[in-house]
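Data block for data32.cif (mmCIF, C-alpha atoms (C1' of nucleotides)):
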data_model
#
loop_
_atom_site.label_atom_id
_atom_site.label_comp_id
_atom_site.auth_asym_id
_atom_site.auth_seq_id
_atom_site.Cartn_x
_atom_site.Cartn_y
_atom_site.Cartn_z
CA MET A 190 42.66 1.35 -68.24
CA SER A 191 41.92 0.86 -64.58
CA ARG A 192 38.84 -0.31 -62.76
CA ARG A 193 39.36 -4.03 -63.27
CA SER A 194 39.51 -6.82 -60.80
CA GLY A 195 42.03 -9.41 -61.88
CA ILE A 196 40.04 -12.49 -61.18
CA LEU A 197 36.79 -11.19 -62.60
CA GLU A 198 38.51 -9.98 -65.73
CA PHE A 199 40.20 -13.33 -66.09
CA ALA A 200 37.02 -15.32 -65.62
CA VAL A 201 35.05 -13.14 -68.01
CA LEU A 202 37.63 -13.46 -70.74
CA GLY A 203 37.81 -17.18 -70.15
CA LEU A 204 34.09 -17.69 -70.36
CA LEU A 205 33.71 -15.50 -73.41
CA ARG A 206 36.44 -17.45 -75.11
CA GLU A 207 34.14 -20.42 -75.19
CA SER A 208 31.28 -18.44 -76.64
CA PRO A 209 29.87 -14.89 -76.78
CA MET A 210 27.41 -14.00 -74.06
CA HIS A 211 25.57 -11.08 -72.55
CA GLY A 212 26.18 -9.80 -69.05
CA TYR A 213 23.27 -11.38 -67.31
CA GLU A 214 24.06 -14.82 -68.59
CA LEU A 215 27.73 -14.32 -67.84
CA ARG A 216 26.93 -13.64 -64.24
CA LYS A 217 24.89 -16.79 -63.90
CA ARG A 218 27.71 -18.89 -65.27
CA LEU A 219 30.09 -17.16 -62.90
CA ASN A 220 27.90 -18.25 -59.97
CA THR A 221 26.56 -21.62 -60.93
CA SER A 222 28.40 -23.49 -63.63
CA LEU A 223 31.68 -22.18 -62.39
CA GLY A 224 30.10 -21.67 -59.01
CA VAL A 225 33.47 -21.69 -57.43
CA PHE A 226 34.09 -17.98 -57.80
CA ARG A 227 32.16 -15.86 -55.42
CA ALA A 228 29.06 -14.28 -56.87
CA PHE A 229 29.92 -10.95 -58.39
CA SER A 230 27.16 -8.38 -58.45
CA TYR A 231 26.02 -6.49 -61.52
CA GLY A 232 27.47 -3.37 -60.01
CA THR A 233 30.83 -5.07 -60.46
CA LEU A 234 30.27 -7.02 -63.62
CA TYR A 235 28.88 -4.38 -65.95
CA PRO A 236 31.53 -1.75 -65.30
CA CYS A 237 34.13 -4.46 -65.73
CA LEU A 238 32.68 -5.40 -69.11
CA LYS A 239 32.77 -1.75 -70.16
CA SER A 240 36.39 -1.48 -69.24
CA LEU A 241 37.26 -4.66 -71.10
CA VAL A 242 35.59 -3.18 -74.16
CA ALA A 243 37.57 0.02 -73.66
CA ASN A 244 40.72 -2.09 -73.69
CA GLY A 245 39.74 -3.61 -76.98
CA TRP A 246 39.50 -7.09 -75.56
CA LEU A 247 35.76 -7.35 -76.07
CA VAL A 248 33.31 -5.96 -78.56
CA GLU A 249 29.66 -5.33 -77.95
CA GLU A 250 27.22 -6.78 -80.40
CA GLN A 251 23.50 -6.27 -80.65
CA GLY A 252 22.15 -9.67 -79.91
CA SER A 253 18.39 -9.77 -80.04
CA ALA A 254 15.87 -11.78 -78.10
CA PRO A 255 16.00 -15.59 -77.86
CA ASP A 256 14.80 -15.95 -81.44
CA ASP A 257 17.30 -14.02 -83.49
CA ALA A 258 15.67 -14.35 -86.87
CA LYS A 259 12.40 -12.66 -86.09
CA ALA A 260 13.56 -9.75 -84.00
CA ALA A 261 16.66 -8.84 -85.93
CA SER A 262 14.84 -6.25 -88.00
CA LEU A 263 13.37 -4.18 -85.18
CA ALA A 264 15.27 -0.94 -84.90
CA GLY A 265 15.01 0.77 -81.55
CA ARG A 266 14.37 -2.10 -79.18
CA ARG A 267 16.66 -2.39 -76.23
CA ALA A 268 18.50 -5.51 -77.30
CA LYS A 269 20.72 -7.62 -75.17
CA ILE A 270 24.33 -6.65 -75.46
CA VAL A 271 26.30 -9.66 -76.45
CA TYR A 272 30.00 -9.52 -75.70
CA ARG A 273 32.45 -11.24 -77.95
CA LEU A 274 36.15 -11.76 -77.40
CA THR A 275 38.39 -10.00 -79.91
CA ALA A 276 41.67 -11.34 -81.23
CA GLU A 277 43.49 -9.00 -78.84
CA GLY A 278 41.32 -10.26 -76.04
CA LYS A 279 42.17 -13.83 -76.85
CA GLU A 280 45.82 -12.96 -76.91
CA HIS A 281 45.56 -11.14 -73.61
CA PHE A 282 43.76 -14.06 -72.01
CA GLU A 283 46.47 -16.40 -73.18
CA GLU A 284 49.05 -14.20 -71.55
CA LEU A 285 47.11 -14.28 -68.32
CA LEU A 286 46.87 -18.05 -68.59
CA ALA A 287 50.64 -18.26 -68.90
CA HIS A 288 51.38 -16.17 -65.82
CA THR A 289 52.63 -18.18 -62.88
CA GLY A 290 53.32 -15.46 -60.36
CA PRO A 291 52.81 -16.22 -56.67
CA ASP A 292 49.33 -14.75 -56.68
CA ALA A 293 48.24 -17.45 -59.12
CA TRP A 294 47.99 -19.79 -56.16
CA GLU A 295 46.42 -17.53 -53.63
CA ASP A 296 43.02 -18.64 -52.41
CA GLU A 297 40.83 -16.54 -54.65
CA HIS A 298 42.89 -16.76 -57.81
CA PHE A 299 43.65 -20.43 -57.62
CA ALA A 300 40.08 -21.60 -58.16
CA ALA A 301 39.71 -19.37 -61.19
CA ARG A 302 43.00 -20.56 -62.62
CA PHE A 303 42.05 -24.16 -62.04
CA ALA A 304 38.67 -23.69 -63.68
CA PHE A 305 40.45 -22.84 -66.91
CA PHE A 306 43.09 -25.52 -66.74
CA GLY A 307 41.45 -27.01 -69.79
CA GLN A 308 42.94 -24.10 -71.74
CA THR A 309 46.23 -24.13 -69.90
CA SER A 310 49.46 -25.80 -70.95
CA ARG A 311 50.63 -28.68 -68.85
CA ASP A 312 53.80 -27.06 -67.50
CA VAL A 313 51.86 -24.05 -66.32
CA ARG A 314 49.31 -26.33 -64.70
CA MET A 315 52.11 -28.07 -62.88
CA ARG A 316 53.67 -24.86 -61.66
CA VAL A 317 50.36 -23.58 -60.37
CA LEU A 318 49.47 -26.83 -58.63
CA GLU A 319 52.88 -27.10 -57.03
CA GLY A 320 52.88 -23.45 -56.08
CA ARG A 321 49.55 -23.86 -54.39
CA ARG A 322 50.72 -26.94 -52.58
CA SER A 323 53.81 -25.33 -51.15
CA ARG A 324 51.74 -22.29 -50.21
CA LEU A 325 49.43 -24.55 -48.21
CA GLU A 326 52.34 -26.37 -46.66
CA GLU A 327 53.76 -23.10 -45.42
CA ARG A 328 50.41 -22.34 -43.92
CA LEU A 329 50.28 -25.72 -42.23
CA GLU A 330 53.71 -25.10 -40.81
CA LYS A 331 52.55 -21.87 -39.23
CA MET A 332 49.40 -23.44 -37.89
CA ARG A 333 51.31 -26.26 -36.31
CA ALA A 334 53.79 -23.85 -34.79
CA SER A 335 51.12 -21.62 -33.33
CA LEU A 336 49.22 -24.63 -32.07
CA ALA A 337 52.33 -25.95 -30.32
CA ARG A 338 53.03 -22.52 -28.87
CA SER A 339 49.56 -22.17 -27.40
CA ARG A 340 49.62 -25.71 -26.03
CA GLU A 341 52.73 -24.87 -24.04
CA ARG A 342 51.21 -21.80 -22.59
CA GLU A 343 48.04 -23.67 -21.74
CA ARG A 344 45.78 -21.16 -23.46
CA LEU A 345 42.86 -21.97 -25.75
CA ASP A 346 39.64 -23.54 -24.67
CA SER A 347 38.29 -26.65 -26.32
CA TYR A 348 36.27 -24.81 -28.98
CA THR A 349 39.15 -22.70 -30.17
CA LEU A 350 41.23 -25.82 -30.29
CA GLU A 351 38.59 -27.71 -32.21
CA LEU A 352 38.29 -24.87 -34.71
CA GLN A 353 42.02 -24.86 -35.25
CA ARG A 354 42.10 -28.63 -35.61
CA HIS A 355 39.34 -28.57 -38.19
CA GLY A 356 41.04 -25.79 -40.08
CA MET A 357 44.26 -27.75 -40.25
CA GLU A 358 42.48 -30.84 -41.43
CA SER A 359 40.88 -28.88 -44.23
CA VAL A 360 44.23 -27.65 -45.40
CA GLU A 361 45.75 -31.11 -45.12
CA ARG A 362 42.90 -32.46 -47.16
CA GLU A 363 43.50 -29.93 -49.92
CA VAL A 364 47.17 -30.85 -49.95
CA ARG A 365 46.26 -34.50 -50.49
CA TRP A 366 43.94 -33.44 -53.29
CA LEU A 367 46.73 -31.47 -54.91
CA ASN A 368 49.05 -34.43 -54.56
CA GLU A 369 46.66 -36.58 -56.49
CA LEU A 370 46.24 -33.95 -59.17
CA ILE A 371 49.98 -33.46 -59.52
CA GLU A 372 50.48 -37.20 -59.66
CA SER A 373 47.85 -37.45 -62.33
CA GLU A 374 49.44 -34.64 -64.33
CA ARG A 375 52.82 -36.24 -64.08
CA ALA A 376 51.45 -39.56 -65.23
CA GLY A 377 50.56 -37.79 -68.45
CA ARG A 378 46.98 -36.81 -68.38
CA ASP A 379 46.16 -36.20 -71.99
CA ARG A 380 43.54 -38.85 -71.83
CA ARG A 381 40.94 -36.57 -70.35
CA THR A 382 38.15 -37.93 -68.23
CA GLY A 383 35.47 -35.64 -69.64
CA PRO A 384 34.29 -34.50 -73.05
CA ASP A 385 36.32 -31.23 -72.94
CA GLN A 386 34.72 -29.10 -75.60
CA MET B 1211 29.55 5.53 -34.09
CA SER B 1212 30.28 4.12 -37.50
CA ARG B 1213 33.46 2.80 -39.06
CA ARG B 1214 33.29 -0.67 -37.51
CA SER B 1215 33.43 -4.04 -39.07
CA GLY B 1216 31.19 -6.45 -37.22
CA ILE B 1217 33.49 -9.38 -37.09
CA LEU B 1218 36.57 -7.42 -36.14
CA GLU B 1219 34.70 -5.56 -33.43
CA PHE B 1220 33.34 -8.83 -32.14
CA ALA B 1221 36.72 -10.55 -32.08
CA VAL B 1222 38.43 -7.61 -30.42
CA LEU B 1223 35.87 -7.40 -27.67
CA GLY B 1224 36.05 -11.14 -27.18
CA LEU B 1225 39.81 -11.21 -26.92
CA LEU B 1226 39.92 -8.23 -24.60
CA ARG B 1227 37.39 -9.87 -22.37
CA GLU B 1228 39.95 -12.47 -21.50
CA SER B 1229 42.61 -9.90 -20.71
CA PRO B 1230 43.65 -6.34 -21.60
CA MET B 1231 46.05 -6.02 -24.50
CA HIS B 1232 47.61 -3.47 -26.79
CA GLY B 1233 46.91 -3.28 -30.50
CA TYR B 1234 49.97 -4.99 -31.79
CA GLU B 1235 49.51 -8.01 -29.57
CA LEU B 1236 45.82 -8.08 -30.38
CA ARG B 1237 46.60 -8.36 -34.04
CA LYS B 1238 48.93 -11.26 -33.51
CA ARG B 1239 46.31 -13.16 -31.57
CA LEU B 1240 43.82 -12.40 -34.31
CA ASN B 1241 46.13 -14.04 -36.84
CA THR B 1242 47.81 -16.86 -35.01
CA SER B 1243 46.12 -18.07 -31.86
CA LEU B 1244 42.74 -17.51 -33.37
CA GLY B 1245 44.31 -17.82 -36.77
CA VAL B 1246 40.99 -18.55 -38.26
CA PHE B 1247 40.04 -14.98 -38.92
CA ARG B 1248 41.76 -13.46 -41.83
CA ALA B 1249 44.66 -11.22 -40.93
CA PHE B 1250 43.45 -7.71 -40.39
CA SER B 1251 45.94 -4.95 -41.07
CA TYR B 1252 46.84 -2.18 -38.65
CA GLY B 1253 45.11 0.21 -40.94
CA THR B 1254 41.93 -1.58 -40.00
CA LEU B 1255 42.64 -2.52 -36.42
CA TYR B 1256 43.73 0.79 -34.92
CA PRO B 1257 40.85 2.87 -36.26
CA CYS B 1258 38.52 0.14 -35.06
CA LEU B 1259 40.01 0.32 -31.57
CA LYS B 1260 39.56 4.09 -31.57
CA SER B 1261 35.93 3.75 -32.47
CA LEU B 1262 35.36 1.14 -29.79
CA VAL B 1263 36.84 3.58 -27.29
CA ALA B 1264 34.57 6.31 -28.62
CA ASN B 1265 31.65 3.99 -27.96
CA GLY B 1266 32.74 3.55 -24.39
CA TRP B 1267 33.33 -0.16 -24.79
CA LEU B 1268 37.06 0.10 -24.28
CA VAL B 1269 39.35 2.36 -22.32
CA GLU B 1270 42.92 3.14 -23.15
CA GLU B 1271 45.45 2.67 -20.41
CA GLN B 1272 49.10 3.56 -20.35
CA GLY B 1273 50.71 0.22 -20.08
CA SER B 1274 54.47 0.44 -19.97
CA ALA B 1275 57.12 -1.94 -21.16
CA PRO B 1276 57.09 -5.64 -20.25
CA ASP B 1277 58.14 -4.90 -16.70
CA ASP B 1278 55.44 -2.62 -15.35
CA ALA B 1279 56.97 -1.83 -11.98
CA LYS B 1280 60.14 -0.19 -13.16
CA ALA B 1281 58.86 1.90 -16.02
CA ALA B 1282 55.62 3.11 -14.48
CA SER B 1283 57.21 6.29 -13.23
CA LEU B 1284 58.65 7.58 -16.51
CA ALA B 1285 56.53 10.44 -17.71
CA GLY B 1286 56.75 11.23 -21.39
CA ARG B 1287 57.73 7.93 -22.92
CA ARG B 1288 55.57 6.67 -25.69
CA ALA B 1289 54.00 3.81 -23.81
CA LYS B 1290 52.05 1.01 -25.29
CA ILE B 1291 48.38 1.70 -25.24
CA VAL B 1292 46.69 -1.11 -23.42
CA TYR B 1293 43.00 -1.51 -24.15
CA ARG B 1294 40.71 -2.77 -21.44
CA LEU B 1295 37.10 -3.77 -21.77
CA THR B 1296 34.66 -1.59 -19.81
CA ALA B 1297 31.51 -2.82 -18.12
CA GLU B 1298 29.51 -1.44 -21.04
CA GLY B 1299 31.83 -3.20 -23.41
CA LYS B 1300 31.32 -6.47 -21.60
CA GLU B 1301 27.60 -5.99 -21.74
CA HIS B 1302 27.72 -5.16 -25.43
CA PHE B 1303 29.81 -8.20 -26.17
CA GLU B 1304 27.34 -10.38 -24.33
CA GLU B 1305 24.56 -8.97 -26.48
CA LEU B 1306 26.55 -9.77 -29.60
CA LEU B 1307 27.15 -13.27 -28.27
CA ALA B 1308 23.43 -13.77 -27.87
CA HIS B 1309 22.54 -12.71 -31.41
CA THR B 1310 21.53 -15.57 -33.63
CA GLY B 1311 20.60 -13.73 -36.82
CA PRO B 1312 21.24 -15.43 -40.16
CA ASP B 1313 24.56 -13.69 -40.61
CA ALA B 1314 25.87 -15.49 -37.53
CA TRP B 1315 26.39 -18.53 -39.71
CA GLU B 1316 27.77 -16.92 -42.81
CA ASP B 1317 31.27 -18.00 -43.73
CA GLU B 1318 33.23 -15.17 -42.18
CA HIS B 1319 31.14 -14.68 -39.07
CA PHE B 1320 30.75 -18.32 -38.20
CA ALA B 1321 34.41 -18.93 -37.43
CA ALA B 1322 34.50 -15.91 -35.14
CA ARG B 1323 31.35 -16.98 -33.39
CA PHE B 1324 32.65 -20.48 -32.95
CA ALA B 1325 35.94 -19.24 -31.55
CA PHE B 1326 34.04 -17.69 -28.66
CA PHE B 1327 31.69 -20.57 -28.04
CA GLY B 1328 33.42 -20.98 -24.71
CA GLN B 1329 31.64 -17.80 -23.62
CA THR B 1330 28.37 -18.65 -25.34
CA SER B 1331 25.32 -20.26 -23.81
CA ARG B 1332 24.46 -23.72 -25.01
CA ASP B 1333 21.18 -22.88 -26.72
CA VAL B 1334 22.82 -20.13 -28.73
CA ARG B 1335 25.61 -22.51 -29.68
CA MET B 1336 23.01 -24.97 -30.89
CA ARG B 1337 21.17 -22.39 -32.94
CA VAL B 1338 24.36 -21.20 -34.58
CA LEU B 1339 25.58 -24.71 -35.36
CA GLU B 1340 22.23 -25.75 -36.77
CA GLY B 1341 21.89 -22.53 -38.70
CA ARG B 1342 25.27 -23.06 -40.26
CA ARG B 1343 24.44 -26.63 -41.12
CA SER B 1344 21.22 -25.78 -42.91
CA ARG B 1345 23.01 -22.95 -44.68
CA LEU B 1346 25.55 -25.42 -45.99
CA GLU B 1347 22.86 -27.90 -46.94
CA GLU B 1348 21.15 -25.25 -49.01
CA ARG B 1349 24.43 -24.61 -50.72
CA LEU B 1350 24.91 -28.30 -51.39
CA GLU B 1351 21.45 -28.44 -52.89
CA LYS B 1352 22.32 -25.68 -55.33
CA MET B 1353 25.62 -27.24 -56.21
CA ARG B 1354 24.00 -30.58 -56.92
CA ALA B 1355 21.32 -28.93 -59.02
CA SER B 1356 23.78 -26.96 -61.10
CA LEU B 1357 25.98 -30.01 -61.48
CA ALA B 1358 23.04 -32.04 -62.76
CA ARG B 1359 22.02 -29.23 -65.10
CA SER B 1360 25.45 -28.99 -66.66
CA ARG B 1361 25.75 -32.73 -66.98
CA GLU B 1362 22.60 -32.82 -69.08
CA ARG B 1363 23.84 -30.15 -71.36
CA GLU B 1364 27.19 -31.85 -71.69
CA ARG B 1365 29.16 -28.75 -70.77
CA LEU B 1366 32.13 -28.59 -68.39
CA ASP B 1367 35.52 -30.10 -69.02
CA SER B 1368 37.15 -32.46 -66.58
CA TYR B 1369 38.93 -29.75 -64.59
CA THR B 1370 35.84 -27.68 -63.99
CA LEU B 1371 34.07 -30.84 -62.97
CA GLU B 1372 36.86 -31.84 -60.63
CA LEU B 1373 36.84 -28.40 -59.04
CA GLN B 1374 33.14 -28.63 -58.46
CA ARG B 1375 33.43 -32.12 -57.05
CA HIS B 1376 36.13 -31.08 -54.64
CA GLY B 1377 34.14 -28.06 -53.57
CA MET B 1378 31.12 -30.20 -52.81
CA GLU B 1379 33.19 -32.65 -50.85
CA SER B 1380 34.55 -29.82 -48.73
CA VAL B 1381 31.07 -28.66 -47.90
CA GLU B 1382 29.90 -32.19 -47.18
CA ARG B 1383 32.83 -32.62 -44.89
CA GLU B 1384 31.95 -29.52 -42.95
CA VAL B 1385 28.40 -30.74 -42.60
CA ARG B 1386 29.65 -33.97 -41.07
CA TRP B 1387 31.81 -31.96 -38.72
CA LEU B 1388 28.82 -29.90 -37.67
CA ASN B 1389 26.80 -33.06 -37.15
CA GLU B 1390 29.38 -34.34 -34.73
CA LEU B 1391 29.49 -31.04 -32.89
CA ILE B 1392 25.72 -30.85 -32.65
CA GLU B 1393 25.59 -34.42 -31.45
CA SER B 1394 28.19 -33.66 -28.87
CA GLU B 1395 26.30 -30.57 -27.71
CA ARG B 1396 23.08 -32.50 -27.47
CA ALA B 1397 24.75 -35.23 -25.47
CA GLY B 1398 25.42 -32.57 -22.87
CA ARG B 1399 28.86 -31.34 -23.28
CA ASP B 1400 29.62 -29.73 -19.98
CA ARG B 1401 32.42 -32.13 -19.54
CA ARG B 1402 34.79 -30.14 -21.68
CA THR B 1403 37.64 -31.85 -23.48
CA GLY B 1404 40.16 -29.14 -22.73
CA PRO B 1405 41.30 -27.12 -19.71
CA ASP B 1406 39.06 -24.14 -20.56
CA GLN B 1407 40.46 -21.42 -18.36
"C1'" DT C 164 -2.72 -6.21 -65.98
"C1'" DT C 165 0.18 -7.51 -62.99
"C1'" DC C 166 3.91 -10.33 -61.57
"C1'" DG C 167 8.24 -12.61 -62.14
"C1'" DT C 168 12.42 -12.82 -64.40
"C1'" DC C 169 15.30 -11.11 -67.82
"C1'" DA C 170 18.40 -7.30 -68.65
"C1'" DT C 171 21.37 -3.09 -68.06
"C1'" DG C 172 23.14 0.32 -65.64
"C1'" DT C 173 24.82 4.18 -61.81
"C1'" DA C 174 25.85 6.53 -57.23
"C1'" DA C 175 26.64 6.03 -52.61
"C1'" DT C 176 28.77 3.44 -49.39
"C1'" DG C 177 31.44 -0.02 -47.04
"C1'" DG C 178 35.13 -2.43 -45.58
"C1'" DG C 179 39.43 -3.33 -46.20
"C1'" DT C 180 44.57 -2.98 -47.86
"C1'" DT C 181 48.97 -0.55 -49.07
"C1'" DA C 182 52.12 2.65 -48.58
"C1'" DC C 183 53.77 5.80 -45.85
"C1'" DA C 184 55.42 8.21 -41.52
"C1'" DT C 185 57.16 7.87 -36.96
"C1'" DG C 186 59.54 6.30 -33.14
"C1'" DA C 187 60.90 2.98 -29.13
"C1'" DT C 188 63.23 -1.26 -27.67
"C1'" DT C 189 66.07 -5.30 -28.08
"C1'" DA C 190 69.82 -8.15 -29.82
"C1'" DC C 191 74.01 -8.41 -32.07
"C1'" DG D 198 75.76 1.59 -34.00
"C1'" DT D 199 72.72 -0.78 -36.66
"C1'" DA D 200 69.31 -4.06 -37.76
"C1'" DA D 201 65.13 -6.34 -36.50
"C1'" DT D 202 61.06 -6.17 -34.31
"C1'" DC D 203 57.88 -3.87 -31.51
"C1'" DA D 204 54.39 -0.30 -31.70
"C1'" DT D 205 51.09 3.30 -33.38
"C1'" DG D 206 49.00 5.75 -36.63
"C1'" DT D 207 47.07 8.19 -41.33
"C1'" DA D 208 45.78 8.97 -46.20
"C1'" DA D 209 45.08 7.27 -50.54
"C1'" DC D 210 43.21 3.85 -52.87
"C1'" DC D 211 40.74 -0.57 -54.36
"C1'" DC D 212 37.42 -3.70 -54.91
"C1'" DA D 213 33.06 -4.89 -54.45
"C1'" DT D 214 28.27 -4.48 -52.59
"C1'" DT D 215 23.77 -2.14 -51.91
"C1'" DA D 216 20.23 0.41 -53.23
"C1'" DC D 217 18.34 2.52 -56.71
"C1'" DA D 218 16.54 3.47 -61.50
"C1'" DT D 219 14.96 1.78 -65.81
"C1'" DG D 220 12.68 -1.05 -68.90
"C1'" DA D 221 11.41 -5.34 -71.95
"C1'" DC D 222 9.09 -9.80 -72.17
"C1'" DG D 223 6.30 -13.83 -70.99
"C1'" DA D 224 2.89 -16.07 -68.43
"C1'" DA D 225 -1.08 -16.16 -65.20
#
So, in terms of structure tokens, how does the structure I just supplied come out?
Amino acid sequence: MSRRSGILEFAVLGLLRESPMHGYELRKRLNTSLGVFRAFSYGTLYPCLKSLVANGWLVEEQGSAPDDAKAASLAGRRAKIVYRLTAEGKEHFEELLAHTGPDAWEDEHFAARFAFFGQTSRDVRMRVLEGRRSRLEERLEKMRASLARSRERERLDSYTLELQRHGMESVEREVRWLNELIESERAGRDRRTGPDQ
Amino acid sequence: MSRRSGILEFAVLGLLRESPMHGYELRKRLNTSLGVFRAFSYGTLYPCLKSLVANGWLVEEQGSAPDDAKAASLAGRRAKIVYRLTAEGKEHFEELLAHTGPDAWEDEHFAARFAFFGQTSRDVRMRVLEGRRSRLEERLEKMRASLARSRERERLDSYTLELQRHGMESVEREVRWLNELIESERAGRDRRTGPDQ
DNA sequence: TTCGTCATGTAATGGGTTACATGATTAC
DNA sequence: GTAATCATGTAACCCATTACATGACGAA
């Protein structure tokens, strides 16, 4: 029941929704295709998979080597364990997709949520995008305040200042990006730009 | 001897080098002035301070309330504990400043290192900046490769693609930033842009 | 036959947060 | 006098990594 990591659980369920996979492959997709998430290690991934199985959200299946037909008959070979999403798992994932709590737009979660926007309803997408934006604007506010404060007091050498400036610009840039996305959602983005399954 | 966190230790020593401080104030500076580092909690900071004291790099001093003169005589009051860098601590910090191992340009460390560039010799600054840049270029390489790979195979919906695109742009932007900084260092940047103590 | 990569797992450890406990000082 | 903020600390927990252990499979 415990021993799960929120974002990893979410990403795993999301990836497996598209198609069944074994752990090793799952990890690669977590790093590369959806390279956005940080690279989880096997020491994290495998236990997580076990716990998802224990929850009834996944089932393990004996997938065999690359060529299924030939090897299917061999009894004792250590086959790959292919994980498949159950109906309950699908349901659970959909619930997670629908959540729009504040943590949905925190740094780590947001990328994962965004990566599965293709499966997410438009109103939820909007809430998450807008939540993230206001989160970043708060942050900007604080940065500006602290910057003003330190300017008064004449602290901060040029490097510290430069670092702060660059940090603020990054955040401002993400806000602009979000603005475009929100605009595009509002304009009715059912005409997708990509193939989308 | 153990129970220290690299970046936190580094930042604490660096901040205390400028002037003695107590824990609470230290934490604020960690978050706001040098807001770049993630916000460490007291549960992390205080034990870290203790261990730095145990190493002989800091000493605790009984600082009293804002006005030192008046309160100095009161015996039993729970005074603020002001931490001051020892000679050994200063030496240790200088060693840390001189390190240019690969981890110096990893995401978390880099910001901390950069924040104390004001205390860092130019050649070390150059190595760190260039190290970071090539680190990011590696990352870009991988991102491009994986993007190309997934394009072939026709995977990835528009959102995943957009996320990836934005991620790459962020990295490219940081590379440009580093280029400017490196250029500026090379051009002989002893004429600082700011007051710098 | 050996090397690289695929593939699955566990135990020890690390590095950090949260929640809690305590109390002083300042502003209203 | 009471609320907010300053200030210090600890214990329990969480999440994830590292190092380790195991072994199959394909290619040189």
* To do: Kindly provide, as a ChimeraX atom specification, the residues of chain C having any atom no farther than 10 Å from an atom of chain A, counting all atoms listed in the file.
  => /C:169-173
Keeping only C-alpha atoms (C1' of nucleotides), take the residues you just selected and write them out as a PDB file, in the coordinates of the input.
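Okay, this is what ended up in selection25.pdb:
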ATOM      1  C1'  DC C 169      15.300 -11.110 -67.820  1.00  0.00           C
ATOM      2  C1'  DA C 170      18.400  -7.300 -68.650  1.00  0.00           C
ATOM      3  C1'  DT C 171      21.370  -3.090 -68.060  1.00  0.00           C
ATOM      4  C1'  DG C 172      23.140   0.320 -65.640  1.00  0.00           C
ATOM      5  C1'  DT C 173      24.820   4.180 -61.810  1.00  0.00           C
TER       6       DT C 173
END
* To do: Any chance you could resolve the PyMOL selection byres ((chain A and resi 349) around 8) against this file and give the residues as a VMD selection string?
  => (chain A and resid 345 to 348 350 to 353) or (chain B and resid 1244 1324 to 1326)
* At what distance in Å, to one decimal, does atom CA of A:Met210 lie from atom CA of A:Leu247? -> 10.9 Å
* Can you list, as a PyMOL selection string, the residues that the PyMOL selection byres ((chain B and resi 1254) around 10) selects here? -> (chain B and resi 1213-1215+1218+1250-1253+1255-1259) or (chain C and resi 178-180)
* Out of A:Glu326, A:Glu207, A:Glu280, A:Glu198, which residue has the shortest atom-to-atom distance to chain B when counting only C-alpha atoms? ->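 Among A:Glu326, A:Glu207, A:Glu280, A:Glu198, it is A:Glu207 that comes nearest to chain B.
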* Asked: Can you tell me, as a list in words, which residues sit within 12 Å of (26.7, 5.8, -49.3) in the file's frame, using all atoms listed in the file?
  -> DA174, DA175, DT176 and DG177 of chain C; DT214, DT215, DA216 and DC217 of chain D
* Neighbour list for stretch 1375-1381 of chain B as a list in words, cut-off 8 Å, all atoms listed in the file, skip fewer than 4 positions in-chain ->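 Surrounding residues, per the criterion: Val225 and Ser359 of chain A; Leu1346, Leu1350, Met1353, Leu1371 and Val1385 of chain B.
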* To do: Please evaluate the PyMOL selection byres ((chain D) within 10 of (chain A)) against the structure above and give the resulting residues as a list in words.
  =>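 Against this file, the PyMOL selection byres ((chain D) within 10 of (chain A)) returns the residues DC211, DC212, DA213, DT214, DT215, DG220, DA221 and DC222 of chain D.
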* Residue neighbourhood stretch 314-320 of chain A, 8 Å, all atoms listed in the file, exclusion window fewer than 3 positions, as a count of residues only -> 15
* Between atom CA of B:Arg1294 and atom CA of B:Leu1226, what is the spacing in Å? ->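 Separating atom CA of B:Leu1226 from atom CA of B:Arg1294 is a distance of 6.4 Å.
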* Could you work out how far atom CA of A:Leu219 lies from atom CA of B:Phe1247, giving the answer in Å with one decimal? ->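 Atom-to-atom, atom CA of B:Phe1247 and atom CA of A:Leu219 are spaced 26.1 Å apart.
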* Asked: Which of these, B:His1302, B:Arg1227, B:Arg1239, B:Arg1396, has the shortest distance to chain A once you count all atoms listed in the file?
  ->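 Looking at the shortest contact to chain A, the residue is B:Arg1239.
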* Asked: Between A:Glu297, A:Thr221, A:Gln251, A:Glu330, which one has atoms that come closest to chain B, using only C-alpha atoms?
  ->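 Smallest separation from chain B among the options: A:Thr221.
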Where's the centre, and what are the edge lengths in Å to one decimal, of a box along x, y and z enclosing all listed atoms of stretch 279-288 of chain A padded 5 Å per side, as JSON?
{"center_x": 46.8, "center_y": -14.7, "center_z": -71.4, "size_x": 19.2, "size_y": 17.1, "size_z": 21.1}
